[in-house]
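*Asks:* The file below is coords14.cif, mmCIF, C-alpha atoms:
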```
data_work
loop_
_atom_site.label_atom_id
_atom_site.label_comp_id
_atom_site.auth_asym_id
_atom_site.auth_seq_id
_atom_site.Cartn_x
_atom_site.Cartn_y
_atom_site.Cartn_z
CA MET A 1 13.46 -7.11 10.36
CA SER A 2 12.50 -3.83 8.74
CA GLU A 3 14.05 -0.57 9.94
CA ASN A 4 10.60 0.99 10.14
CA GLU A 5 9.23 2.83 13.16
CA LYS A 6 8.57 0.51 16.09
CA ALA A 7 5.33 0.36 18.05
CA MET A 8 6.23 1.80 21.44
CA LYS A 9 2.71 1.31 22.78
CA PRO A 10 0.22 -1.41 21.79
CA GLU A 11 -2.13 1.06 20.05
CA ASP A 12 0.66 2.06 17.63
CA LEU A 13 0.37 -1.29 15.87
CA THR A 14 -2.97 -0.46 14.25
CA ARG A 15 -1.74 2.89 12.93
CA LEU A 16 1.51 1.38 11.65
CA PHE A 17 -0.39 -1.44 9.95
CA VAL A 18 -2.60 1.03 8.04
CA GLU A 19 0.37 3.21 7.04
CA ARG A 20 2.46 0.28 5.80
CA ALA A 21 -0.39 -1.58 4.10
CA ASN A 22 -1.45 1.57 2.22
CA ALA A 23 2.19 2.03 1.14
CA GLY A 24 2.22 -1.55 -0.22
CA ASP A 25 4.97 -2.47 2.28
CA ALA A 26 4.41 -6.19 2.96
CA ALA A 27 7.78 -6.50 4.73
CA GLY A 28 6.87 -3.56 6.95
CA VAL A 29 3.49 -5.11 7.77
CA ALA A 30 5.14 -8.46 8.59
CA ALA A 31 7.63 -6.65 10.85
CA LEU A 32 4.68 -5.81 13.13
CA TYR A 33 4.41 -9.52 14.02
CA GLU A 34 6.53 -11.74 16.23
CA GLU A 35 8.63 -14.35 14.44
CA GLU A 36 6.15 -17.16 15.28
CA ALA A 37 2.95 -15.06 15.25
CA VAL A 38 -0.41 -16.55 14.31
CA LEU A 39 -2.72 -14.66 11.95
CA ALA A 40 -6.30 -15.88 11.43
CA TYR A 41 -6.40 -14.85 7.78
CA PRO A 42 -7.60 -15.46 5.13
CA PRO A 43 -11.00 -16.19 6.70
CA GLY A 44 -11.21 -19.83 7.73
CA SER A 45 -7.41 -20.23 7.59
CA VAL A 46 -4.43 -19.67 9.85
CA THR A 47 -1.12 -18.19 8.72
CA VAL A 48 1.81 -18.93 11.04
CA GLY A 49 5.19 -17.20 11.18
CA ARG A 50 6.49 -13.85 10.00
CA GLY A 51 7.71 -15.24 6.67
CA ALA A 52 4.30 -16.72 5.82
CA ILE A 53 2.59 -13.53 7.00
CA ARG A 54 4.84 -11.49 4.72
CA ALA A 55 4.06 -13.76 1.74
CA LEU A 56 0.34 -13.45 2.45
CA TRP A 57 0.51 -9.64 2.60
CA GLU A 58 2.58 -9.52 -0.61
CA LYS A 59 -0.35 -11.22 -2.37
CA VAL A 60 -3.02 -9.08 -0.70
CA LEU A 61 -1.19 -5.79 -1.23
CA ALA A 62 -0.44 -6.56 -4.89
CA ASP A 63 -4.01 -5.41 -5.62
CA ALA A 64 -3.32 -2.08 -3.83
CA PRO A 65 -6.27 -2.17 -1.40
CA HIS A 66 -6.87 0.93 0.71
CA PHE A 67 -7.18 0.63 4.48
CA GLU A 68 -8.93 3.26 6.59
CA PRO A 69 -7.71 4.03 10.11
CA GLU A 70 -10.04 2.65 12.79
CA GLN A 71 -10.38 4.10 16.27
CA PRO A 72 -8.92 1.59 18.76
CA LEU A 73 -11.03 0.39 21.65
CA PRO A 74 -9.43 0.63 25.11
CA THR A 75 -6.38 -1.60 25.36
CA LEU A 76 -6.15 -4.17 28.14
CA VAL A 77 -2.60 -4.56 29.46
CA ARG A 78 -1.22 -7.03 31.98
CA GLY A 79 2.54 -6.92 32.27
CA ASP A 80 4.08 -7.65 28.89
CA ILE A 81 0.86 -8.84 27.24
CA ALA A 82 -1.93 -6.66 25.87
CA LEU A 83 -5.21 -7.11 24.03
CA THR A 84 -5.91 -4.53 21.34
CA SER A 85 -9.07 -4.25 19.29
CA THR A 86 -10.90 -2.04 16.84
CA PRO A 87 -14.46 -2.01 15.54
CA PRO A 88 -14.44 -2.10 11.73
CA LYS A 89 -15.66 1.08 10.06
CA ASP A 90 -18.47 -0.85 8.36
CA GLY A 91 -19.95 -1.66 11.78
CA THR A 92 -19.77 -5.42 11.38
CA GLY A 93 -17.80 -7.81 13.53
CA ALA A 94 -14.60 -6.83 15.32
CA ARG A 95 -10.81 -7.09 15.15
CA ALA A 96 -8.58 -8.22 18.04
CA GLN A 97 -4.89 -8.81 18.59
CA VAL A 98 -2.80 -10.20 21.43
CA VAL A 99 0.43 -8.22 21.49
CA ARG A 100 3.61 -8.71 23.48
CA ARG A 101 6.23 -6.29 24.75
CA GLN A 102 9.66 -7.06 23.31
CA ALA A 103 13.08 -6.80 24.98
CA ASP A 104 13.53 -3.26 23.55
CA ASN A 105 10.12 -2.21 25.02
CA SER A 106 8.45 -2.13 21.60
CA TRP A 107 5.29 -4.17 20.94
CA LEU A 108 4.58 -6.83 18.30
CA ARG A 109 1.51 -8.85 17.41
CA ALA A 110 1.60 -12.46 18.64
CA ILE A 111 -1.98 -13.43 17.69
CA ASP A 112 -4.12 -11.53 15.21
CA GLN A 113 -7.82 -12.10 14.55
CA PRO A 114 -8.56 -9.41 11.94
CA GLU A 115 -12.13 -10.48 11.16
CA PHE A 116 -14.71 -11.58 13.68
CA ARG A 117 -18.12 -11.94 12.13
CA PRO A 118 -21.38 -12.35 14.02
CA PRO A 119 -22.48 -16.02 13.91
CA THR A 120 -25.17 -16.83 11.42
CA SER A 121 -28.09 -18.97 12.48
#
```
Can you give me the file's structure in the form of structure tokens?

*Replies:*
Amino acid sequence: MSENEKAMKPEDLTRLFVERANAGDAAGVAALYEEEAVLAYPPGSVTVGRGAIRALWEKVLADAPHFEPEQPLPTLVRGDIALTSTPPKDGTGARAQVVRRQADNSWLRAIDQPEFRPPTS
């Protein structure tokens, strides 16, 4: 796992994601996920496991996209599990993650739904 800064509170994960993604650091982004994490991306697909998540972000970050920080919504915490979310800056949909406290008290993403879109009729 990367020697990057660890998320010591659930809200840190969003900030660290933006920093690492904008730096083109796919390994650093993948390090924000548990070993068997589930990522609902690309849309309509599911990516499972840190290795697969890293490979996905290597492809995405190869085009050097820029990510803007998003203000997190209030985090819901129960014991070692938390729900984090942010409203996208474009005002559409939502983002949500289930995160889990690790043995060293840091937090990692276990389930990540980066794009919720309103249903179309």

*Asks:* From the options A:Ala96, A:Val46, A:Ile53, A:Ala21, which residue's atoms come nearest to Pro74 of chain A, counting only C-alpha atoms?

*Replies:*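 Checking each candidate against Pro74 of chain A, we get A:Ala96 as the closest.
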
*Asks:* What does the distance from atom CA of Tyr41 of chain A to atom CA of Met8 of chain A come to in Å, to one decimal?

*Replies:*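 Separation between atom CA of Tyr41 of chain A and atom CA of Met8 of chain A: 25.0 Å.
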
*Asks:* Out of A:Arg109, A:Phe17, A:Phe116, A:Ala27, which residue has the shortest atom-to-atom distance to Glu68 of chain A when counting all atoms listed in the file?

*Replies:*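 Smallest separation from Glu68 of chain A among the options: A:Phe17.
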
*Asks:* Need the neighbours of (1.7, -2.4, 6.2): which residues are at most 10 Å away, counting only C-alpha atoms, as a PyMOL selection string?

*Replies:* chain A and resi 13-32+54+57-58+61+67

*Asks:* What is the atom CA of Ala82 of chain A to atom CA of Trp107 of chain A distance in Å?

*Replies:* 9.1 Å

*Asks:* Apply the PyMOL selection byres ((chain A and resi 97) around 7) to the displayed file and report the matching residues as an mmCIF file with C-alpha atoms, in the frame of the given file.

*Replies:*
```
data_model
loop_
_atom_site.group_PDB
_atom_site.id
_atom_site.type_symbol
_atom_site.label_atom_id
_atom_site.label_comp_id
_atom_site.auth_asym_id
_atom_site.auth_seq_id
_atom_site.Cartn_x
_atom_site.Cartn_y
_atom_site.Cartn_z
ATOM 1 C CA LEU A 83 -5.210 -7.110 24.030
ATOM 2 C CA THR A 84 -5.910 -4.530 21.340
ATOM 3 C CA SER A 85 -9.070 -4.250 19.290
ATOM 4 C CA ALA A 96 -8.580 -8.220 18.040
ATOM 5 C CA VAL A 98 -2.800 -10.200 21.430
ATOM 6 C CA VAL A 99 0.430 -8.220 21.490
ATOM 7 C CA ARG A 109 1.510 -8.850 17.410
ATOM 8 C CA ILE A 111 -1.980 -13.430 17.690
ATOM 9 C CA ASP A 112 -4.120 -11.530 15.210
ATOM 10 C CA GLN A 113 -7.820 -12.100 14.550
#
```

*Asks:* Between atom CA of Thr75 of chain A and atom CA of Glu11 of chain A, what is the spacing in Å?

*Replies:*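 Going from atom CA of Glu11 of chain A over to atom CA of Thr75 of chain A covers 7.3 Å.
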
*Asks:* Which centre and edge lengths in Å to one decimal define the box along x, y and z that fits every listed atom of segment 76-92 of chain A plus 3 Å per side, as JSON?

*Replies:*
```
{"center_x": -7.9, "center_y": -3.9, "center_z": 20.3, "size_x": 30.0, "size_y": 15.9, "size_z": 29.9}
```

*Asks:* Pull out every residue that the PyMOL selection byres ((chain A and resi 105) around 12) matches in the shown coordinates and put them as a PyMOL selection string.

*Replies:* chain A and resi 6-10+79-81+99-104+106-108

*Asks:* Which of these, A:Val48, A:Ala110, A:Leu73, A:Leu56, has the shortest distance to Pro88 of chain A once you count only C-alpha atoms?

*Replies:* A:Leu73

*Asks:* I need the residue nearest Ala52 of chain A from this list: A:Val38, A:Pro65, A:Gly91, A:Asp12. Use all atoms listed in the file for the distance.

*Replies:*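 Ranked by minimum distance to Ala52 of chain A, first place goes to A:Val38.
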
*Asks:* My list of candidates is A:His66, A:Leu39, A:Gly44, A:Glu34. Which is closest to Arg95 of chain A when distances are computed with all atoms listed in the file?

*Replies:*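 Using all atoms listed in the file, the shortest distance to Arg95 of chain A belongs to A:Leu39.
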
*Asks:* For the PyMOL selection byres ((chain A and resi 49) around 6), applied here, can you spell out every residue it catches as a list in words?

*Replies:* Glu35, Glu36, Ala37, Val48, Arg50, Gly51 and Ala52 of chain A
